[in-house]
file coords_11.txt (compact mmCIF, C-alpha atoms)
# COMPACT_ATOMS: atom_id res chain seq x y z
CA MET E 1 54.98 19.38 185.07
CA THR E 2 55.59 22.10 182.50
CA GLY E 3 53.67 25.14 181.30
CA ALA E 4 51.98 25.74 184.63
CA SER E 5 51.09 29.28 185.59
CA SER E 6 49.53 31.03 188.53
CA LYS E 7 47.76 34.34 189.01
CA MET E 8 47.46 36.41 192.16
CA THR E 9 44.86 39.15 192.29
CA ASN E 10 45.20 42.11 194.67
CA ALA E 11 48.24 40.44 196.20
CA VAL E 12 50.17 43.67 196.63
CA THR E 13 48.92 47.09 197.67
CA ILE E 14 51.20 50.08 197.30
CA GLY E 15 50.28 52.92 199.61
CA ALA E 16 46.80 53.23 201.07
CA GLY E 17 44.29 50.40 200.74
CA PRO E 18 40.51 50.91 200.52
CA TRP E 19 40.00 50.18 204.23
CA ASP E 20 42.84 52.30 205.51
CA THR E 21 42.06 55.44 207.47
CA ILE E 22 43.79 58.64 208.46
CA ARG E 23 43.45 60.12 211.92
CA SER E 24 44.49 63.35 213.56
CA LEU E 25 46.56 62.79 216.67
CA GLN E 26 45.55 65.05 219.53
CA VAL E 27 48.31 67.60 219.89
CA SER E 28 47.71 70.71 221.98
CA ASN E 29 48.45 74.10 220.47
CA PRO E 30 47.50 77.42 222.07
CA ALA E 31 46.39 80.40 220.00
CA ILE E 32 49.40 81.43 217.91
CA PRO E 33 50.39 85.03 217.14
CA VAL E 34 50.25 85.86 213.45
CA GLY E 35 53.75 85.29 212.06
CA GLY E 36 54.39 82.42 214.45
CA LYS E 37 54.24 78.67 214.17
CA THR E 38 52.65 75.82 216.04
CA VAL E 39 54.18 75.08 219.42
CA ASN E 40 53.78 71.37 218.76
CA PRO E 41 53.79 69.91 215.24
CA VAL E 42 50.44 68.70 213.93
CA GLN E 43 50.43 64.94 213.41
CA PHE E 44 48.31 62.53 211.41
CA THR E 45 48.63 58.77 211.35
CA VAL E 46 47.59 56.34 208.60
CA LEU E 47 46.25 53.06 209.88
CA ALA E 48 45.23 49.82 208.26
CA ALA E 49 42.01 48.10 209.30
CA ASN E 50 43.97 45.88 211.68
CA GLY E 51 45.48 48.93 213.39
CA THR E 52 48.97 48.65 211.91
CA TYR E 53 50.70 51.71 210.51
CA VAL E 54 50.68 52.24 206.77
CA ALA E 55 53.86 53.59 205.22
CA GLY E 56 54.04 55.28 201.83
CA ALA E 57 50.38 56.29 201.64
CA SER E 58 49.72 59.51 199.74
CA VAL E 59 48.19 62.21 201.89
CA ALA E 60 46.87 65.46 200.42
CA LEU E 61 47.29 68.39 202.82
CA SER E 62 45.47 71.69 202.46
CA THR E 63 44.73 74.64 204.71
CA THR E 64 42.34 77.51 205.11
CA ASN E 65 42.99 81.05 206.39
CA GLY E 66 46.39 81.16 204.66
CA MET E 67 48.09 78.74 207.05
CA THR E 68 51.43 77.54 205.68
CA LEU E 69 52.91 74.08 206.03
CA ASP E 70 56.60 73.38 206.63
CA LEU E 71 56.12 69.97 205.03
CA CYS E 72 54.97 71.72 201.85
CA GLY E 73 57.99 74.04 201.78
CA GLY E 74 55.92 76.92 203.14
CA GLY E 75 53.00 76.37 200.75
CA THR E 76 49.38 75.98 201.71
CA SER E 77 48.82 72.58 200.08
CA CYS E 78 50.73 69.61 198.75
CA THR E 79 50.69 65.83 198.66
CA VAL E 80 53.15 63.87 200.77
CA LEU E 81 53.71 60.25 201.70
CA SER E 82 53.28 58.84 205.18
CA ASP E 83 56.66 57.90 206.61
CA GLU E 84 57.73 54.39 207.56
CA SER E 85 55.98 54.80 210.91
CA GLY E 86 52.73 55.80 209.19
CA ILE E 87 53.11 59.40 210.35
CA VAL E 88 52.63 62.72 208.60
CA MET E 89 53.98 65.51 210.79
CA THR E 90 54.26 69.22 210.07
CA ASN E 91 54.62 72.56 211.73
CA VAL E 92 52.09 75.15 210.63
CA GLY E 93 52.70 78.86 210.10
CA ILE E 94 49.97 81.34 211.01
CA THR E 95 49.52 84.22 208.59
CA ALA E 96 46.13 85.63 209.62
CA ALA E 97 44.04 86.02 212.73
CA GLY E 98 41.12 83.68 213.28
CA SER E 99 40.55 79.97 212.92
CA GLY E 100 42.13 77.89 210.20
CA VAL E 101 41.70 74.24 209.34
CA LEU E 102 44.38 71.84 208.17
CA THR E 103 42.77 69.01 206.22
CA ALA E 104 44.49 65.71 205.43
CA GLN E 105 42.91 63.41 202.87
CA LEU E 106 44.10 59.86 202.30
CA ALA E 107 44.79 59.04 198.65
CA PRO E 108 42.03 61.30 197.23
CA ARG E 109 43.02 60.43 193.66
CA SER E 110 42.44 56.73 194.29
CA TYR E 111 39.20 56.77 196.27
CA ALA E 112 35.97 58.67 195.68
CA ASN E 113 35.31 59.18 199.38
CA PRO E 114 38.75 59.41 200.90
CA SER E 115 39.31 59.10 204.62
CA THR E 116 39.77 62.63 205.98
CA ALA E 117 41.14 64.12 209.17
CA ARG E 118 41.27 67.74 210.28
CA ALA E 119 43.09 69.89 212.80
CA THR E 120 41.94 73.37 213.77
CA LEU E 121 44.35 76.13 214.79
CA HIS E 122 43.77 79.69 215.94
CA GLY E 123 45.74 82.81 215.06
CA ILE E 124 45.76 85.99 217.09
CA SER E 125 47.01 89.46 216.24
CA SER E 126 47.96 92.34 218.50
CA SER E 127 49.34 95.87 218.13
CA LEU E 128 52.81 94.85 219.29
CA GLY E 129 53.35 91.17 219.58
CA LEU E 130 56.00 88.52 219.93
CA ALA E 131 55.88 85.23 218.11
CA LEU E 132 58.33 82.55 219.20
CA LEU E 133 59.46 79.93 216.73
CA HIS E 134 59.93 76.54 218.39
CA GLU E 135 58.40 77.92 221.56
CA ARG E 136 58.67 74.48 223.16
CA THR E 137 61.68 72.29 222.48
CA GLU E 138 62.38 68.89 223.97
CA VAL E 139 65.99 67.85 224.57
CA GLU E 140 67.54 64.77 226.07
CA GLN E 141 68.37 65.13 229.77
CA GLY E 142 72.10 65.59 230.33
CA ALA E 143 72.77 66.51 226.73
CA MET E 144 75.15 69.29 225.78
CA VAL E 145 73.33 71.11 223.04
CA ASP E 146 73.01 74.57 221.52
CA VAL E 147 69.37 75.57 221.14
CA PRO E 148 68.62 78.44 218.72
CA LEU E 149 65.95 80.78 220.11
CA LEU E 150 64.16 82.94 217.58
CA ALA E 151 61.62 85.62 218.47
CA ARG E 152 59.75 87.59 215.83
CA VAL E 153 58.42 91.08 216.62
CA LEU E 154 55.19 91.97 214.85
CA ASN E 155 52.86 94.91 214.77
CA ALA E 156 49.44 93.90 213.47
CA ALA E 157 51.13 91.00 211.69
CA SER E 158 53.84 93.16 210.07
CA PRO E 159 57.49 92.39 210.93
CA GLN E 160 59.17 95.14 212.95
CA PRO E 161 62.89 95.69 212.23
CA GLY E 162 65.31 97.38 214.63
CA VAL E 163 63.44 96.48 217.81
CA VAL E 164 65.60 95.19 220.67
CA VAL E 165 64.53 91.96 222.31
CA ASN E 166 65.93 91.03 225.72
CA PHE E 167 66.45 87.35 226.49
CA HIS E 168 66.65 86.13 230.06
CA VAL E 169 67.02 82.64 231.50
CA ALA E 170 64.16 82.31 233.93
CA GLY E 171 64.62 78.77 235.16
CA GLY E 172 66.74 75.63 234.94
CA LEU E 173 70.47 75.47 234.56
CA GLY E 174 71.12 76.93 231.14
CA ARG E 175 74.16 79.14 230.95
CA MET I 1 73.37 82.61 225.85
CA THR I 2 75.39 84.00 222.97
CA SER I 3 73.57 87.34 223.31
CA THR I 4 71.03 88.65 225.78
CA SER I 5 69.88 91.69 223.78
CA VAL I 6 69.42 91.40 220.03
CA ALA I 7 67.85 93.89 217.62
CA THR I 8 65.42 92.47 215.07
CA ASP I 9 66.47 92.11 211.43
CA PRO I 10 64.38 93.33 208.45
CA ASP I 11 62.13 90.27 208.87
CA GLY I 12 61.46 91.19 212.49
CA ASN I 13 63.56 88.29 213.76
CA SER I 14 65.75 88.39 216.85
CA GLN I 15 67.83 85.30 217.51
CA THR I 16 70.15 84.07 220.20
CA THR I 17 71.47 80.64 221.15
CA LEU I 18 71.15 78.92 224.48
CA ARG I 19 73.94 76.53 225.39
CA LEU I 20 72.55 73.79 227.55
CA ALA I 21 74.92 71.57 229.49
CA ASN I 22 73.88 68.94 232.00
CA ALA I 23 70.61 70.64 232.84
CA VAL I 24 68.55 68.76 235.42
CA ALA I 25 65.32 70.73 235.16
CA ASP I 26 63.28 72.31 232.40
CA VAL I 27 64.66 75.67 231.29
CA GLN I 28 62.58 78.74 230.54
CA VAL I 29 63.93 81.70 228.61
CA THR I 30 61.85 84.84 228.43
CA ALA I 31 61.96 87.12 225.42
CA CYS I 32 60.79 90.67 226.09
CA ILE I 33 60.53 93.74 223.90
CA ALA I 34 62.81 96.56 225.14
CA PRO I 35 62.88 99.04 226.72
CA LEU I 36 59.83 98.32 228.87
CA ASN I 37 60.27 94.55 228.69
CA ASN I 38 56.67 94.31 227.61
CA PRO I 39 55.24 92.19 226.15
CA CYS I 40 57.13 89.04 227.08
CA LYS I 41 56.83 85.43 226.04
CA ALA I 42 58.73 82.36 227.22
CA PHE I 43 60.54 79.58 225.45
CA THR I 44 60.43 76.24 227.23
CA ILE I 45 63.23 73.74 226.84
CA ALA I 46 61.81 70.56 228.33
CA LEU I 47 64.10 67.76 229.41
CA VAL I 48 63.30 64.20 228.42
CA PRO I 49 64.77 61.41 230.56
CA VAL I 50 67.34 59.45 228.57
CA GLY I 51 65.37 56.25 229.01
CA ALA I 52 62.28 57.82 227.42
CA VAL I 53 63.97 58.80 224.17
CA ARG I 54 62.91 56.68 221.22
CA ILE I 55 63.81 56.21 217.59
CA GLN I 56 61.33 55.99 214.69
CA ALA I 57 61.85 54.94 211.08
CA VAL I 58 61.08 57.77 208.67
CA SER I 59 62.38 56.87 205.22
CA GLU I 60 64.65 54.58 203.22
CA THR I 61 65.57 52.25 206.05
CA GLN I 62 65.23 49.16 203.82
CA GLN I 63 66.50 49.78 200.31
CA VAL I 64 66.90 47.35 197.44
CA VAL I 65 68.20 49.01 194.29
CA THR I 66 69.95 48.09 191.08
CA GLU I 67 73.32 49.59 190.31
CA VAL I 68 71.87 52.30 188.10
CA GLN I 69 69.38 53.51 190.69
CA PRO I 70 70.23 56.26 193.15
CA VAL I 71 70.60 55.46 196.81
CA ALA I 72 68.70 57.76 199.14
CA PRO I 73 69.91 58.77 202.59
CA VAL I 74 68.35 57.07 205.59
CA ALA I 75 66.18 59.25 207.82
CA ILE I 76 65.09 58.50 211.37
CA ARG I 77 63.19 60.56 213.93
CA VAL I 78 64.07 60.95 217.60
CA THR I 79 61.04 61.33 219.85
CA ASP I 80 59.96 61.09 223.46
CA SER I 81 57.77 58.23 224.66
CA SER I 82 54.51 60.16 224.90
CA PHE I 83 51.52 59.61 222.62
CA PRO I 84 51.58 61.13 220.16
CA PRO I 85 55.34 61.36 220.40
CA SER I 86 57.03 64.75 220.31
CA PRO I 87 60.30 65.35 218.43
CA VAL I 88 63.49 65.58 220.49
CA PHE I 89 66.04 68.17 219.44
CA GLY I 90 69.82 67.77 219.57
CA ALA I 91 69.89 64.07 220.42
CA LYS I 92 73.05 62.29 219.37
CA VAL I 93 72.44 59.50 216.88
CA THR I 94 75.28 57.07 216.17
CA PHE I 95 75.11 55.45 212.75
CA LEU I 96 77.14 52.25 212.37
CA ARG I 97 77.34 50.82 208.86
CA VAL I 98 79.01 47.63 207.65
CA LEU I 99 79.71 46.98 203.96
CA SER I 100 79.86 43.33 202.97
CA ARG I 101 79.88 41.18 199.89
CA SER I 102 78.00 37.93 199.64
CA GLY I 103 80.28 34.94 199.36
CA GLY I 104 78.99 33.95 195.94
CA THR I 105 77.19 30.86 194.86
CA GLY I 106 78.38 27.73 196.57
CA ILE I 107 77.31 24.15 196.16
CA GLN I 108 74.02 23.56 194.38
CA VAL I 109 71.73 20.90 195.80
CA VAL I 110 68.92 19.52 193.62
CA VAL I 111 65.85 18.06 195.38
CA ASP I 112 63.16 17.00 192.93
CA ASP I 113 62.66 20.10 190.75
CA VAL I 114 64.08 22.53 193.30
CA VAL I 115 67.64 23.81 192.99
CA GLU I 116 69.03 25.23 196.21
CA SER I 117 72.17 27.32 196.23
CA HIS I 118 74.09 27.76 199.42
CA ASN I 119 76.09 30.94 199.69
CA SER I 120 79.20 31.00 201.75
CA ASP I 121 79.63 33.51 204.55
CA PRO I 122 79.68 37.20 203.52
CA VAL I 123 82.99 39.02 203.42
CA ILE I 124 83.19 42.21 205.45
CA LEU I 125 84.67 44.98 203.30
CA GLY I 126 84.59 47.85 205.74
CA SER I 127 82.68 49.72 208.39
CA ILE I 128 81.99 53.34 209.26
CA THR I 129 80.64 55.01 212.36
CA THR I 130 79.35 58.58 212.23
CA THR I 131 77.18 60.69 214.50
CA ALA I 132 74.49 63.24 213.81
CA LYS I 133 72.23 65.40 215.94
CA SER I 134 68.49 65.53 215.52
CA ASP I 135 66.93 68.77 214.29
CA PHE I 136 63.81 70.55 215.57
CA ASP I 137 61.66 67.95 213.83
CA GLY I 138 63.64 65.20 215.52
CA LEU I 139 65.12 64.16 212.18
CA ALA I 140 68.61 62.82 211.64
CA THR I 141 69.89 61.53 208.32
CA THR I 142 72.93 59.74 207.00
CA ALA I 143 74.26 58.50 203.68
CA LEU I 144 74.20 54.73 203.56
CA TRP I 145 77.77 54.53 202.28
CA PRO I 146 80.10 57.32 201.13
CA THR I 147 81.18 55.61 197.91
CA LEU I 148 79.49 53.58 195.20
CA VAL I 149 78.14 50.22 196.32
CA ILE I 150 78.16 47.65 193.52
CA SER I 151 75.97 44.66 192.91
CA GLY I 152 76.59 41.75 195.21
CA GLU I 153 77.46 44.09 198.02
CA GLU I 154 75.21 45.23 200.80
CA VAL I 155 75.25 47.66 203.67
CA ASN I 156 73.76 46.80 207.03
CA GLY I 157 73.50 49.51 209.61
CA LEU I 158 72.27 50.40 213.05
CA ALA I 159 71.19 53.79 214.35
CA THR I 160 71.61 54.00 218.12
CA LEU I 161 70.66 56.60 220.72
CA ASP I 162 72.23 57.15 224.12
CA SER I 163 69.07 55.58 225.55
CA GLY I 164 69.95 52.33 223.78
CA SER I 165 66.99 52.62 221.43
CA GLN I 166 68.02 51.24 218.04
CA MET I 167 66.82 51.07 214.46
CA ALA I 168 68.29 48.77 211.82
CA PHE I 169 68.65 49.79 208.20
CA SER I 170 70.04 48.15 205.09
CA LEU I 171 70.92 48.54 201.43
CA GLN I 172 71.09 45.71 198.94
CA VAL I 173 72.39 46.35 195.44
CA LEU I 174 71.28 44.04 192.63
CA VAL I 175 72.64 43.50 189.18
CA SER I 176 71.29 46.04 186.73
CA PRO I 177 69.08 44.40 184.11
CA ALA I 178 70.83 46.43 181.40
CA GLU I 179 70.74 44.93 177.96
CA GLY I 180 74.02 43.39 176.85
CA SER I 181 75.46 43.15 180.30
CA THR I 182 77.04 39.99 181.55
CA THR I 183 77.43 38.61 184.99
CA HIS I 184 80.07 36.48 186.59
CA GLY I 185 79.85 34.02 189.41
CA ASP I 186 80.24 36.73 192.00
CA ASN I 187 77.22 38.64 190.59
CA ARG I 188 79.36 41.61 189.73
CA TYR I 189 77.91 43.75 186.97
CA CYS I 190 80.39 44.07 184.12
CA GLY I 191 78.69 46.74 182.03
CA GLU I 192 79.86 50.35 181.90
CA ARG I 193 79.36 52.40 184.98

call {"tool": "encode", "arguments": {"input": "coords_11.txt", "output": "structure tokens"}}
result
Amino acid sequence: MTGASSKMTNAVTIGAGPWDTIRSLQVSNPAIPVGGKTVNPVQFTVLAANGTYVAGASVALSTTNGMTLDLCGGGTSCTVLSDESGIVMTNVGITAAGSGVLTAQLAPRSYANPSTARATLHGISSSLGLALLHERTEVEQGAMVDVPLLARVLNAASPQPGVVVNFHVAGGLGR
Amino acid sequence: MTSTSVATDPDGNSQTTLRLANAVADVQVTACIAPLNNPCKAFTIALVPVGAVRIQAVSETQQVVTEVQPVAPVAIRVTDSSFPPSPVFGAKVTFLRVLSRSGGTGIQVVVDDVVESHNSDPVILGSITTTAKSDFDGLATTALWPTLVISGEEVNGLATLDSGSQMAFSLQVLVSPAEGSTTHGDNRYCGER
């Protein structure tokens, strides 16, 4: 047989398909002092209709209340791709007191009504406050590791230079 | 700790480093504003049992490129076993990579209209083992191979944690479809590079 041909329609989908969804994974974050960052990174997951993870899907991130996104290089919005595990994960910087919303939209340029997920965070401000970056860090048990600890001193959200901060090991076996 | 009292810089930041060695319980470090030590807040360094540490694919774990295309570094994420998983900082990741070349086209067998080529066993050209530590986002990256990988060669690798959790990755380099190029039996691209 010669001259035969075949045609496959919709055989390959790159990125998000029309039935894929994005979900916010429940990550706890307490109220964060202005100038600080999330204790736990905010996570979204992109799922196919059959529940499998979708890699390489475009996800548009945007925030309200001036919240900044590490994944966007410190900006307040950008478009990223879900990683090979279907995850979009970012730490969020708080720049103003009050509630802010991080919105993640799945492939908004491809679909008129894109799947959307949101995470709400709260910023607080005080006259003299401390914001800890990476307030909670997980390390492997038994590991020998140097953990940087960074505290930021703020007065009504303004950085305060020349203030001495005392660090003290309050528990465990750090030395 | 490298320092127990640190003055803030112009950005209001005060930083020290905690050296953790063989800790068996979670560690808390308080940071307090001098001289009254008020207010205070606490860092928590939580320990994850070795057996609960996992590895996740992040990017470029399965690459197929032509010779003219750039090769991106492989990225993996180290996490705990909770849901959703949290990043694990400072975990040692061992990256083993093996460079090999396919054995070339062997005997061709024709069955009806189908031509089957049987390649001989690949030839191992070298291997490299490096280690990296995960950052605050749990990320660890490595270059797939330190020098240029040419068509017909491939890199197969394995990222391994102390917990035994593993993630395979690979790079396959194909002949560039450049106009005027020629290929030999070993699929090596003979154009300019």

call {"tool": "closest_residue", "arguments": {"input": "coords_11.txt", "among": "I:Val110, I:Ala168, I:Val149, I:Leu36", "to": "Leu125 of chain I", "atoms": "only C-alpha atoms"}}
result
I:Val149

call {"tool": "atom_distance", "arguments": {"input": "coords_11.txt", "atom1": "atom CA of Ile128 of chain I", "atom2": "atom CA of Leu96 of chain I"}}
result
5.9 Å

call {"tool": "atom_distance", "arguments": {"input": "coords_11.txt", "atom1": "atom CA of Ser170 of chain I", "atom2": "atom CA of Ala55 of chain E"}}
result
17.1 Å

call {"tool": "closest_atom_pairs", "arguments": {"input": "coords_11.txt", "of": "chain I", "to": "chain E", "cutoff": "6 Å", "atoms": "all atoms listed in the file", "output": "Markdown table"}}
result
| residue | atom | partner | partner_atom | distance |
| --- | --- | --- | --- | --- |
| I:Thr4 | CA | E:Phe167 | CA | 4.8 |
| I:Ser5 | CA | E:Asn166 | CA | 4.4 |
| I:Val6 | CA | E:Val164 | CA | 5.4 |
| I:Ala7 | CA | E:Val164 | CA | 4.0 |
| I:Thr8 | CA | E:Gly162 | CA | 4.9 |
| I:Asp9 | CA | E:Pro161 | CA | 5.1 |
| I:Pro10 | CA | E:Pro161 | CA | 4.7 |
| I:Asp11 | CA | E:Pro159 | CA | 5.5 |
| I:Gly12 | CA | E:Pro159 | CA | 4.4 |
| I:Asn13 | CA | E:Arg152 | CA | 4.4 |
| I:Ser14 | CA | E:Ala151 | CA | 5.2 |
| I:Gln15 | CA | E:Leu150 | CA | 4.4 |
| I:Thr16 | CA | E:Leu149 | CA | 5.3 |
| I:Thr17 | CA | E:Pro148 | CA | 4.3 |
| I:Leu18 | CA | E:Val147 | CA | 5.1 |
| I:Arg19 | CA | E:Asp146 | CA | 4.4 |
| I:Leu20 | CA | E:Gly174 | CA | 5.0 |
| I:Ala21 | CA | E:Met144 | CA | 4.4 |
| I:Asn22 | CA | E:Gly142 | CA | 4.1 |
| I:Ala23 | CA | E:Leu173 | CA | 5.1 |
| I:Ala25 | CA | E:Gly172 | CA | 5.1 |
| I:Asp26 | CA | E:Gly172 | CA | 5.4 |
| I:Val27 | CA | E:Gly172 | CA | 4.2 |
| I:Gln28 | CA | E:Gly171 | CA | 5.1 |
| I:Val29 | CA | E:Val169 | CA | 4.3 |
| I:Thr30 | CA | E:His168 | CA | 5.2 |
| I:Ala31 | CA | E:Phe167 | CA | 4.6 |
| I:Cys32 | CA | E:Asn166 | CA | 5.2 |
| I:Ile33 | CA | E:Val165 | CA | 4.7 |
| I:Ala34 | CA | E:Val164 | CA | 5.4 |
| I:Phe43 | CA | E:Glu135 | CA | 4.7 |
| I:Thr44 | CA | E:Arg136 | CA | 4.8 |
| I:Ile45 | CA | E:Thr137 | CA | 4.8 |
| I:Ala46 | CA | E:Glu138 | CA | 4.7 |
| I:Leu47 | CA | E:Gln141 | CA | 5.0 |
| I:Val48 | CA | E:Glu140 | CA | 4.9 |
| I:Pro49 | CA | E:Gln141 | CA | 5.2 |
| I:Val50 | CA | E:Glu140 | CA | 5.9 |
| I:Ala57 | CA | E:Glu84 | CA | 5.4 |
| I:Val58 | CA | E:Asp83 | CA | 4.9 |
| I:Ser59 | CA | E:Glu84 | CA | 5.8 |
| I:Val88 | CA | E:Glu138 | CA | 4.9 |
| I:Phe89 | CA | E:Val139 | CA | 5.1 |
| I:Gly90 | CA | E:Val145 | CA | 6.0 |

call {"tool": "closest_residue", "arguments": {"input": "coords_11.txt", "among": "I:Thr2, I:Thr131, I:Thr79, I:Thr66", "to": "Val93 of chain I", "atoms": "all atoms listed in the file"}}
result
I:Thr131

call {"tool": "closest_residue", "arguments": {"input": "coords_11.txt", "among": "I:Gly126, I:Pro39, I:Gly164, I:Pro177", "to": "Val98 of chain I", "atoms": "all atoms listed in the file"}}
result
I:Gly126

call {"tool": "residues_around", "arguments": {"input": "coords_11.txt", "residues": "Val74 of chain I", "least_positions_apart": "5", "cutoff": "8 Å", "atoms": "all atoms listed in the file", "output": "MDAnalysis selection string"}}
result
chainID I and resid 58:61 141:144 169

call {"tool": "atom_distance", "arguments": {"input": "coords_11.txt", "atom1": "atom CA of Val12 of chain E", "atom2": "atom CA of Ala49 of chain E"}}
result
15.7 Å

call {"tool": "axis_aligned_box", "arguments": {"input": "coords_11.txt", "around": "segment 132-145 of chain I", "padding_each_side": "3 Å", "output": "JSON"}}
result
{"center_x": 69.7, "center_y": 62.5, "center_z": 209.1, "size_x": 22.1, "size_y": 22.0, "size_z": 19.7}

call {"tool": "closest_residue", "arguments": {"input": "coords_11.txt", "among": "I:Lys41, I:Asp121, I:Val24, I:Ser165", "to": "Pro33 of chain E", "atoms": "all atoms listed in the file"}}
result
I:Lys41

call {"tool": "closest_residue", "arguments": {"input": "coords_11.txt", "among": "I:Ile124, I:Ala91, I:Ile55, I:Leu139", "to": "Pro73 of chain I", "atoms": "all atoms listed in the file"}}
result
I:Leu139
